[in-house]
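Student: Input structure: my_file29.cif, which contains mmCIF, C-alpha atoms.
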```cif
data_final
#
loop_
_atom_site.label_atom_id
_atom_site.label_comp_id
_atom_site.auth_asym_id
_atom_site.auth_seq_id
_atom_site.Cartn_x
_atom_site.Cartn_y
_atom_site.Cartn_z
CA MET N 24 183.31 106.36 45.09
CA ARG N 25 179.74 106.69 46.32
CA ARG N 26 180.72 105.41 49.77
CA THR N 27 183.66 107.81 49.88
CA ALA N 28 181.36 110.68 49.00
CA VAL N 29 178.85 109.62 51.65
CA ALA N 30 181.60 109.41 54.26
CA ALA N 31 182.89 112.85 53.32
CA VAL N 32 179.43 114.37 53.53
CA ALA N 33 178.85 112.65 56.86
CA ALA N 34 182.09 114.08 58.24
CA VAL N 35 181.18 117.61 57.19
CA LEU N 36 177.66 117.16 58.54
CA LEU N 37 178.87 115.90 61.90
CA ALA N 38 181.32 118.78 62.23
CA SER N 39 178.61 121.35 61.53
CA LEU N 40 176.06 119.66 63.75
CA THR N 41 178.57 119.41 66.58
CA ALA N 42 179.29 123.11 66.27
CA CYS N 43 175.57 123.85 66.47
CA ALA N 44 175.25 121.64 69.52
CA ASN N 45 178.13 123.37 71.26
CA ASP N 46 176.41 126.70 70.69
CA ALA N 47 173.17 125.39 72.13
CA ALA N 48 172.28 125.21 75.79
CA SER N 49 172.82 121.46 75.84
CA THR N 50 176.23 119.89 75.39
CA SER N 51 177.66 116.45 74.77
CA HIS N 52 179.53 116.69 78.08
CA SER N 53 182.88 115.88 76.51
CA GLY N 54 186.02 116.20 78.58
CA ALA N 55 186.41 115.62 82.29
CA ALA N 56 183.69 115.76 84.90
CA PRO N 57 184.23 117.68 88.17
CA ALA N 58 186.38 115.61 90.50
CA GLY N 59 184.75 113.80 93.38
CA GLN N 60 185.87 113.90 96.99
CA SER N 61 189.61 113.32 97.29
CA VAL N 62 190.70 110.40 99.47
CA ASP N 63 193.92 108.67 100.41
CA GLY N 64 193.83 105.97 97.76
CA PRO N 65 194.72 105.02 94.18
CA LYS N 66 193.83 107.26 91.25
CA VAL N 67 191.92 105.91 88.25
CA LYS N 68 190.81 107.59 85.06
CA ILE N 69 187.63 106.23 83.46
CA MET N 70 186.45 107.26 80.01
CA VAL N 71 182.68 107.13 79.53
CA GLY N 72 180.99 106.92 76.13
CA GLY N 73 178.74 109.87 77.00
CA LEU N 74 178.39 110.81 80.65
CA ASP N 75 174.90 112.27 80.17
CA LYS N 76 173.48 109.14 78.53
CA VAL N 77 171.07 107.28 80.78
CA ILE N 78 172.59 103.94 79.73
CA TYR N 79 175.85 105.03 81.40
CA LEU N 80 174.16 106.71 84.37
CA PRO N 81 175.88 104.54 87.04
CA ALA N 82 179.22 106.24 86.33
CA MET N 83 178.24 109.76 87.34
CA LEU N 84 175.74 108.55 89.93
CA THR N 85 178.47 106.63 91.75
CA GLN N 86 180.51 109.79 92.01
CA ARG N 87 177.50 111.90 93.09
CA LEU N 88 176.62 109.39 95.80
CA GLY N 89 180.20 109.53 97.11
CA TYR N 90 180.71 105.78 96.69
CA PHE N 91 184.10 106.06 94.96
CA ALA N 92 185.46 107.99 97.91
CA GLU N 93 183.78 105.61 100.34
CA ALA N 94 185.48 102.68 98.59
CA GLY N 95 188.84 104.45 98.88
CA VAL N 96 189.57 105.25 95.25
CA ASN N 97 189.99 108.57 93.46
CA VAL N 98 188.15 108.42 90.13
CA GLU N 99 188.35 110.99 87.37
CA LEU N 100 185.43 110.58 84.99
CA MET N 101 186.00 111.68 81.41
CA SER N 102 183.53 111.74 78.53
CA GLU N 103 183.49 110.97 74.83
CA PRO N 104 180.32 111.00 72.70
CA ALA N 105 180.68 107.34 71.61
CA GLY N 106 181.72 104.14 73.35
CA VAL N 107 184.18 103.27 70.60
CA ASN N 108 186.13 106.44 71.49
CA ALA N 109 186.27 105.30 75.10
CA THR N 110 187.74 102.01 73.89
CA THR N 111 190.37 103.86 71.87
CA ALA N 112 191.41 105.84 74.94
CA LEU N 113 191.65 102.63 76.98
CA LEU N 114 193.83 100.84 74.44
CA ALA N 115 196.07 103.89 74.13
CA GLY N 116 196.65 103.83 77.89
CA ASP N 117 195.16 107.29 78.37
CA VAL N 118 192.71 105.86 80.91
CA GLN N 119 192.60 102.76 83.10
CA GLY N 120 188.94 101.93 82.55
CA ALA N 121 186.15 102.53 80.08
CA VAL N 122 182.39 102.62 80.51
CA GLY N 123 180.88 101.40 77.28
CA PHE N 124 179.30 98.37 75.63
CA TYR N 125 180.45 94.85 76.49
CA ASP N 126 180.44 93.89 72.80
CA HIS N 127 183.75 95.73 72.35
CA THR N 128 185.47 93.05 74.47
CA ILE N 129 184.50 90.39 71.90
CA ASP N 130 185.39 92.61 68.97
CA LEU N 131 188.79 93.32 70.52
CA GLN N 132 189.52 89.66 71.30
CA ALA N 133 188.95 88.90 67.62
CA LYS N 134 191.64 91.51 66.94
CA GLY N 135 194.08 90.01 69.44
CA LYS N 136 193.39 92.36 72.37
CA SER N 137 192.53 91.19 75.90
CA VAL N 138 189.89 93.38 77.53
CA GLU N 139 187.26 92.25 80.03
CA SER N 140 184.04 93.51 81.60
CA VAL N 141 184.64 93.90 85.33
CA VAL N 142 181.21 95.22 86.33
CA GLN N 143 178.23 94.52 84.07
CA PHE N 144 175.79 97.42 84.43
CA SER N 145 173.11 96.12 82.10
CA GLN N 146 171.37 93.14 80.55
CA ALA N 147 169.82 94.95 77.55
CA PRO N 148 171.22 97.54 75.10
CA GLY N 149 169.14 100.48 76.31
CA GLU N 150 169.13 101.60 72.67
CA VAL N 151 166.14 102.71 70.60
CA GLU N 152 165.88 102.76 66.82
CA VAL N 153 163.78 105.81 66.01
CA VAL N 154 162.45 106.66 62.57
CA SER N 155 161.81 110.22 61.44
CA SER N 156 158.14 111.15 61.55
CA LYS N 157 158.46 112.00 57.85
CA GLN N 158 159.67 108.45 57.09
CA ALA N 159 157.41 106.55 59.50
CA ASP N 160 155.18 105.19 56.75
CA ALA N 161 158.16 104.04 54.68
CA VAL N 162 160.31 102.47 57.42
CA LYS N 163 158.41 99.98 59.56
CA SER N 164 161.13 97.39 60.22
CA GLY N 165 164.73 96.56 59.45
CA ALA N 166 163.52 95.17 56.13
CA ASP N 167 162.94 98.78 55.05
CA PHE N 168 166.52 99.91 55.74
CA LYS N 169 167.57 99.40 52.12
CA GLY N 170 168.70 102.68 50.58
CA LYS N 171 168.19 104.60 53.82
CA LYS N 172 170.51 106.87 55.78
CA LEU N 173 170.74 105.49 59.30
CA GLY N 174 172.21 107.49 62.16
CA VAL N 175 174.74 105.99 64.58
CA THR N 176 176.94 107.65 67.19
CA SER N 177 180.08 106.83 65.22
CA LEU N 178 181.27 104.19 62.78
CA GLY N 179 182.48 101.12 64.65
CA SER N 180 180.35 101.97 67.68
CA SER N 181 177.84 99.64 69.32
CA THR N 182 174.99 101.58 67.71
CA ASP N 183 176.68 100.81 64.38
CA PHE N 184 176.94 97.12 65.33
CA LEU N 185 173.28 96.86 66.36
CA THR N 186 172.04 98.76 63.32
CA LYS N 187 173.90 96.42 61.00
CA TYR N 188 172.52 93.39 62.81
CA LEU N 189 168.92 94.61 62.56
CA ALA N 190 169.44 95.16 58.83
CA VAL N 191 171.04 91.77 58.16
CA LYS N 192 168.48 89.96 60.34
CA ASN N 193 165.76 91.45 58.15
CA GLY N 194 167.42 90.58 54.86
CA VAL N 195 169.22 93.84 54.07
CA PRO N 196 173.00 93.53 53.46
CA VAL N 197 175.16 96.17 55.16
CA SER N 198 176.21 97.41 51.71
CA GLU N 199 172.66 98.48 50.89
CA PHE N 200 172.21 101.30 53.43
CA SER N 201 174.35 104.20 54.60
CA PRO N 202 175.39 104.44 58.27
CA ILE N 203 175.88 108.12 59.13
CA ALA N 204 177.88 109.21 62.19
CA VAL N 205 175.80 111.90 63.91
CA GLY N 206 176.79 111.53 67.56
CA ALA N 207 174.10 111.79 70.22
CA GLY N 208 171.96 114.43 71.87
CA GLN N 209 171.49 117.63 69.91
CA THR N 210 173.61 116.51 66.93
CA PHE N 211 171.41 113.44 66.50
CA ILE N 212 168.22 115.48 66.83
CA ALA N 213 169.46 118.08 64.34
CA ALA N 214 170.26 115.36 61.80
CA LEU N 215 166.76 113.94 62.18
CA GLN N 216 165.16 117.38 61.84
CA GLN N 217 167.19 118.29 58.76
CA GLY N 218 166.50 114.98 57.01
CA SER N 219 170.20 114.08 57.03
CA ILE N 220 169.14 110.69 58.41
CA ASP N 221 165.92 108.76 57.87
CA ALA N 222 166.20 106.83 61.12
CA GLY N 223 168.83 106.19 63.74
CA MET N 224 169.82 104.50 66.97
CA THR N 225 170.15 106.49 70.16
CA THR N 226 169.42 106.44 73.89
CA ASP N 227 167.68 108.45 76.57
CA PRO N 228 167.46 111.34 77.24
CA THR N 229 167.70 111.91 73.45
CA VAL N 230 164.80 109.51 72.82
CA ALA N 231 162.58 111.37 75.26
CA ASN N 232 163.39 114.69 73.55
CA ILE N 233 162.59 113.29 70.11
CA LEU N 234 159.24 111.88 71.21
CA ALA N 235 158.31 115.04 73.12
CA LYS N 236 158.93 117.14 70.00
CA ASP N 237 157.15 114.60 67.75
CA LEU N 238 160.24 114.36 65.54
CA GLY N 239 160.23 110.59 65.34
CA LYS N 240 158.62 107.30 66.29
CA VAL N 241 160.02 104.21 67.99
CA LEU N 242 160.86 101.36 65.62
CA TYR N 243 162.80 99.05 67.96
CA ASP N 244 162.84 99.56 71.73
CA MET N 245 165.69 97.70 73.42
CA ARG N 246 165.53 99.40 76.79
CA THR N 247 164.11 96.31 78.50
CA PRO N 248 165.04 92.61 78.63
CA GLU N 249 161.83 91.86 76.72
CA GLY N 250 162.75 94.36 74.01
CA SER N 251 166.23 92.89 73.77
CA ARG N 252 164.88 89.37 73.32
CA ALA N 253 162.41 90.51 70.66
CA ALA N 254 164.97 92.43 68.60
CA LEU N 255 168.15 90.44 69.20
CA GLY N 256 167.05 86.96 70.27
CA GLY N 257 168.17 87.15 73.88
CA LEU N 258 169.58 89.27 76.68
CA TYR N 259 172.26 91.61 75.34
CA PRO N 260 174.65 92.78 78.07
CA SER N 261 175.73 96.27 77.09
CA SER N 262 176.96 99.08 79.35
CA SER N 263 179.75 97.97 81.63
CA LEU N 264 183.06 98.91 83.18
CA TYR N 265 185.68 97.17 81.08
CA MET N 266 189.43 97.23 81.50
CA ASN N 267 192.59 95.74 80.04
CA THR N 268 192.96 92.23 81.49
CA ASP N 269 196.65 92.79 82.20
CA TRP N 270 195.89 95.95 84.20
CA VAL N 271 193.21 94.15 86.21
CA GLU N 272 195.60 91.32 87.10
CA LYS N 273 198.23 93.79 88.29
CA ASN N 274 195.80 96.03 90.20
CA LYS N 275 193.31 93.72 91.86
CA ASP N 276 192.92 95.80 95.00
CA THR N 277 192.05 98.93 93.02
CA THR N 278 189.74 96.97 90.72
CA GLN N 279 187.93 95.60 93.78
CA LYS N 280 187.42 99.12 95.13
CA LEU N 281 185.84 100.15 91.82
CA ALA N 282 183.59 97.08 91.83
CA ASN N 283 182.53 97.77 95.41
CA ALA N 284 181.50 101.31 94.48
CA PHE N 285 179.61 100.40 91.30
CA VAL N 286 177.77 97.42 92.82
CA LYS N 287 176.64 99.62 95.69
CA THR N 288 175.28 102.12 93.15
CA LEU N 289 173.40 99.45 91.20
CA LYS N 290 171.77 98.26 94.42
CA TRP N 291 170.88 101.84 95.34
CA MET N 292 169.28 102.35 91.93
CA SER N 293 167.11 99.28 92.39
CA THR N 294 165.61 100.65 95.60
CA HIS N 295 165.02 104.27 94.58
CA SER N 296 162.55 105.94 92.27
CA PRO N 297 163.41 107.51 88.91
CA GLU N 298 162.71 110.90 90.47
CA GLU N 299 165.15 110.23 93.31
CA ILE N 300 167.80 109.07 90.85
CA ALA N 301 167.27 112.12 88.62
CA ALA N 302 167.63 114.42 91.62
CA LYS N 303 171.14 113.10 92.24
CA MET N 304 172.35 113.81 88.71
CA PRO N 305 173.71 117.12 87.35
CA ALA N 306 170.81 119.45 86.57
CA ASP N 307 171.86 120.02 82.96
CA TYR N 308 171.58 116.31 82.12
CA GLY N 309 167.80 116.66 81.97
CA GLN N 310 167.55 118.83 78.87
CA GLY N 311 163.77 118.54 78.65
CA GLY N 312 163.14 119.35 82.30
CA ALA N 313 163.03 117.31 85.51
CA ASP N 314 159.82 115.41 84.71
CA GLN N 315 160.96 114.38 81.24
CA TYR N 316 164.36 113.32 82.55
CA ALA N 317 162.79 111.20 85.31
CA ALA N 318 160.52 109.59 82.69
CA ALA N 319 163.56 108.83 80.53
CA ILE N 320 165.28 107.16 83.48
CA LYS N 321 162.13 105.17 84.25
CA ALA N 322 161.96 103.88 80.67
CA THR N 323 165.60 102.76 80.79
CA LEU N 324 165.86 101.38 84.35
CA PRO N 325 164.78 97.82 83.40
CA MET N 326 168.03 97.38 81.45
CA PHE N 327 170.23 97.58 84.56
CA THR N 328 171.44 94.69 86.69
CA THR N 329 171.18 94.98 90.47
CA ASP N 330 174.48 93.24 91.23
CA GLY N 331 176.90 93.87 88.34
CA VAL N 332 176.90 90.19 87.36
CA MET N 333 176.99 89.13 83.70
CA PRO N 334 173.54 87.75 82.77
CA ALA N 335 173.52 84.05 81.90
CA GLY N 336 173.55 83.48 78.16
CA GLY N 337 174.17 87.15 77.43
CA PRO N 338 177.68 86.79 75.97
CA LYS N 339 176.43 84.12 73.53
CA THR N 340 173.76 86.50 72.24
CA VAL N 341 176.33 89.25 71.71
CA LEU N 342 178.66 86.86 69.87
CA ALA N 343 175.79 85.69 67.64
CA VAL N 344 174.87 89.29 66.81
CA LEU N 345 178.45 90.24 65.90
CA ALA N 346 178.97 87.05 63.91
CA ALA N 347 175.99 87.91 61.70
CA PHE N 348 177.80 90.83 60.02
CA HIS N 349 181.17 91.71 61.58
CA PRO N 350 184.05 90.70 59.27
CA ASP N 351 186.48 90.34 62.20
CA VAL N 352 184.16 87.92 64.02
CA GLN N 353 182.48 85.96 61.24
CA GLY N 354 183.96 82.49 61.00
CA LYS N 355 185.90 82.95 64.23
CA GLU N 356 183.06 82.13 66.64
CA SER N 357 184.64 78.87 67.76
CA SER N 358 187.93 80.59 68.56
CA ILE N 359 186.39 83.35 70.70
CA ASP N 360 186.78 82.50 74.39
CA LEU N 361 183.81 84.25 75.99
CA ALA N 362 185.02 83.38 79.48
CA LYS N 363 187.92 85.77 78.92
CA THR N 364 185.68 88.70 77.94
CA TYR N 365 184.29 89.20 81.44
CA THR N 366 184.93 88.35 85.07
CA THR N 367 182.60 88.01 88.06
CA GLU N 368 185.45 87.78 90.58
CA PHE N 369 185.15 91.33 91.83
CA VAL N 370 181.38 91.79 91.81
CA SER N 371 180.96 88.52 93.70
CA LYS N 372 183.26 89.78 96.44
CA ALA N 373 181.47 93.15 96.41
CA ALA N 374 178.13 91.45 96.95
CA ALA N 375 179.54 89.28 99.73
CA GLY N 376 180.99 92.34 101.43
#
```
Mind turning the file's structure into structure tokens?

Tutor:
Amino acid sequence: MRRTAVAAVAAVLLASLTACANDAASTSHSGAAPAGQSVDGPKVKIMVGGLDKVIYLPAMLTQRLGYFAEAGVNVELMSEPAGVNATTALLAGDVQGAVGFYDHTIDLQAKGKSVESVVQFSQAPGEVEVVSSKQADAVKSGADFKGKKLGVTSLGSSTDFLTKYLAVKNGVPVSEFSPIAVGAGQTFIAALQQGSIDAGMTTDPTVANILAKDLGKVLYDMRTPEGSRAALGGLYPSSSLYMNTDWVEKNKDTTQKLANAFVKTLKWMSTHSPEEIAAKMPADYGQGGADQYAAAIKATLPMFTTDGVMPAGGPKTVLAVLAAFHPDVQGKESSIDLAKTYTTEFVSKAAAG
């Protein structure tokens, strides 16, 4: 009954916080983004788990650079506040691709679904566990999660997965803390300010806003490969373009066009400054101003690959993390075929081209 009550309170809280966020100057950028240049080519809808999140920056940047059009594909970018919602849209057939965390491909295979990462944007989660300034003395590691209210974007999301792993790794069963769905951006910040959560996992530019306002402190920083290894035991491939395997097999030419565009963007990012990258993005993505937004991009840039290739050993780390707590994966590790959760076929051709 206690869990039911907590879930009900969380639902009401999220609804009210979302309403507040919609009234504020900043938004969660839900819905569809403005269409890019129209070309004579296939049309593809891609759902992104938060277009304004720095971890998913390559999606909008590719459109802003004109690389989708250059590759000969018409892409409509759509946005949901959490990666798990992007996955739902993909499985429902509402979109042809999703930009979210790679770990969903393993989770889905355990449930009998065949989805694969086609372009691997990152080699680290890009996530940060922040603790409220008021709780900083009480929460100094995952071992202190017991009895706490921990914010995640949504239940079943990658932030939920990682939070549970950090708890279990530090000796706290998932039954001994309360995950609270608070979204990202202003809804997350409001929950932290109001004491609705004691700590939570989020990304830039939300992290930069929290630190600038002295609302919280960093507990785990997984924006770099080093941070990923320290917190999770290895590289943790996260943000990616993933698609239904059956669709990829039937639409290889279109998939190649998408890979060509995204790989070109990743290369462009590796040779340009955070300020130059920020200047290409929509102005309202930098809620704290241009300088703060550029700093947020700088802090997160180390997570990205330069070629879209899955990092060696990364899938094994993700499987180990999920197997530590996820009921659908525990005990099934030997039956999970990691080779079917990603492909390098298209990014290899993109690099060669």

Student: Could you expand the PyMOL selection byres ((chain N and resi 165) around 6) into the explicit residues it covers here, written as number ranges by chain?

Tutor: N: 164, 166-168, 189-190, 193

Student: Which residues fall under the PyMOL selection byres ((chain N and resi 154) around 10) in this file, as a list in words?

Tutor: Val151, Glu152, Val153, Ser155, Ser156, Lys157, Gln158, Ala159, Asp160, Ala161, Val162, Lys163, Ser164, Leu173, Gly174, Leu215, Ile220, Asp221, Ala222, Gly223, Met224, Leu238, Gly239, Lys240, Val241, Leu242 and Tyr243 of chain N

Student: For the provided coordinates, the residues matched by the PyMOL selection byres ((chain N and resi 259) around 6) should be stated as a ChimeraX atom specification.

Tutor: /N:146-147,258,260,337,341

Student: Which residues, written as a ChimeraX atom specification, have at least one atom at most 10 Å from Pro305 in chain N, with only C-alpha atoms counted and residues fewer than 2 positions away on the same chain left out?

Tutor: /N:75,83-84,87,301-303,307-309

Student: When you draw a straight line from CA of His349 in chain N to CA of Phe184 in chain N, how long is it in Å?

Tutor: 7.8 Å

Student: CA of Val107 in chain N to CA of Thr268 in chain N: how many Å, to one decimal?

Tutor: 17.8 Å

Student: Could you list, as a ChimeraX atom specification, every residue within 12 Å of Lys134 in chain N, counting all atoms listed in the file and ignoring same-chain residues fewer than 4 positions away?

Tutor: /N:127-130,138,349-352,355,358-359

Student: Restricting the calculation to only C-alpha atoms, which member of N:Thr176, N:Ser201, N:Thr323, N:Thr294 is positioned closest to Ile78 in chain N?

Tutor: N:Thr323

Student: Choose the residue, out of N:Met292, N:Ala322, N:Val271, N:Leu264, that has the smallest atom-to-atom separation from Met245 in chain N; count only C-alpha atoms.

Tutor: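 Residue with the minimum atom-to-atom distance to Met245 in chain N: N:Ala322.
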
Student: Counting only C-alpha atoms, give me one row per residue of range 127-193 of chain N with an atom at most 10 Å from an atom of range 113-119 of chain N, showing the shortest contact pair and its distance in Å to one decimal, sorted by chain then residue number, as CSV.

Tutor:
```
residue,atom,partner,partner_atom,distance
N:Leu131,CA,N:Leu114,CA,9.9
N:Lys136,CA,N:Leu114,CA,8.7
N:Ser137,CA,N:Leu114,CA,9.8
N:Val138,CA,N:Leu114,CA,9.0
```

Student: Record the distance separating CA of Thr226 in chain N and CA of Thr186 in chain N, expressed in Å with one decimal.

Tutor: 13.3 Å

Student: Of the candidates N:Phe285, N:Trp270, N:Phe327, N:Tyr188, which one gets nearest to Phe348 in chain N if we count only C-alpha atoms?

Tutor: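 Residue with the minimum atom-to-atom distance to Phe348 in chain N: N:Tyr188.
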
Student: Hey, what's within 10 Å of Gly256 in chain N if we count all atoms listed in the file and toss same-chain stuff fewer than 5 positions away? As a list in words, please?

Tutor: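 Here the qualifying residues turn out to be Glu249, Gly250, Ser251, Thr340, Val341, Ala343 and Val344 of chain N.
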
Student: Find the spatial neighbours of range 311-317 of chain N, counting only C-alpha atoms, within a cut-off of 7 Å - ignore same-chain residues fewer than 6 positions away - and output them as an NGL selection string.

Tutor: :N and (228 or 231-232 or 297-298 or 301)

Student: Can I get the selected residues back with C-alpha atoms, as a PDB file, in the frame of the given file?

Tutor:
```pdb
ATOM      1  CA  PRO N 228     167.460 111.340  77.240  1.00  0.00           C
ATOM      2  CA  ALA N 231     162.580 111.370  75.260  1.00  0.00           C
ATOM      3  CA  ASN N 232     163.390 114.690  73.550  1.00  0.00           C
ATOM      4  CA  PRO N 297     163.410 107.510  88.910  1.00  0.00           C
ATOM      5  CA  GLU N 298     162.710 110.900  90.470  1.00  0.00           C
ATOM      6  CA  ALA N 301     167.270 112.120  88.620  1.00  0.00           C
TER       7      ALA N 301
END
```

Student: Draw an axis-aligned box tight on the listed atoms of range 285-298 of chain N, then pad every side by 5 Å and write out centre and edge lengths in Å to one decimal as AutoDock Vina command-line options.

Tutor:
```
--center_x 171.1 --center_y 104.2 --center_z 92.3 --size_x 27.1 --size_y 23.5 --size_z 16.8
```
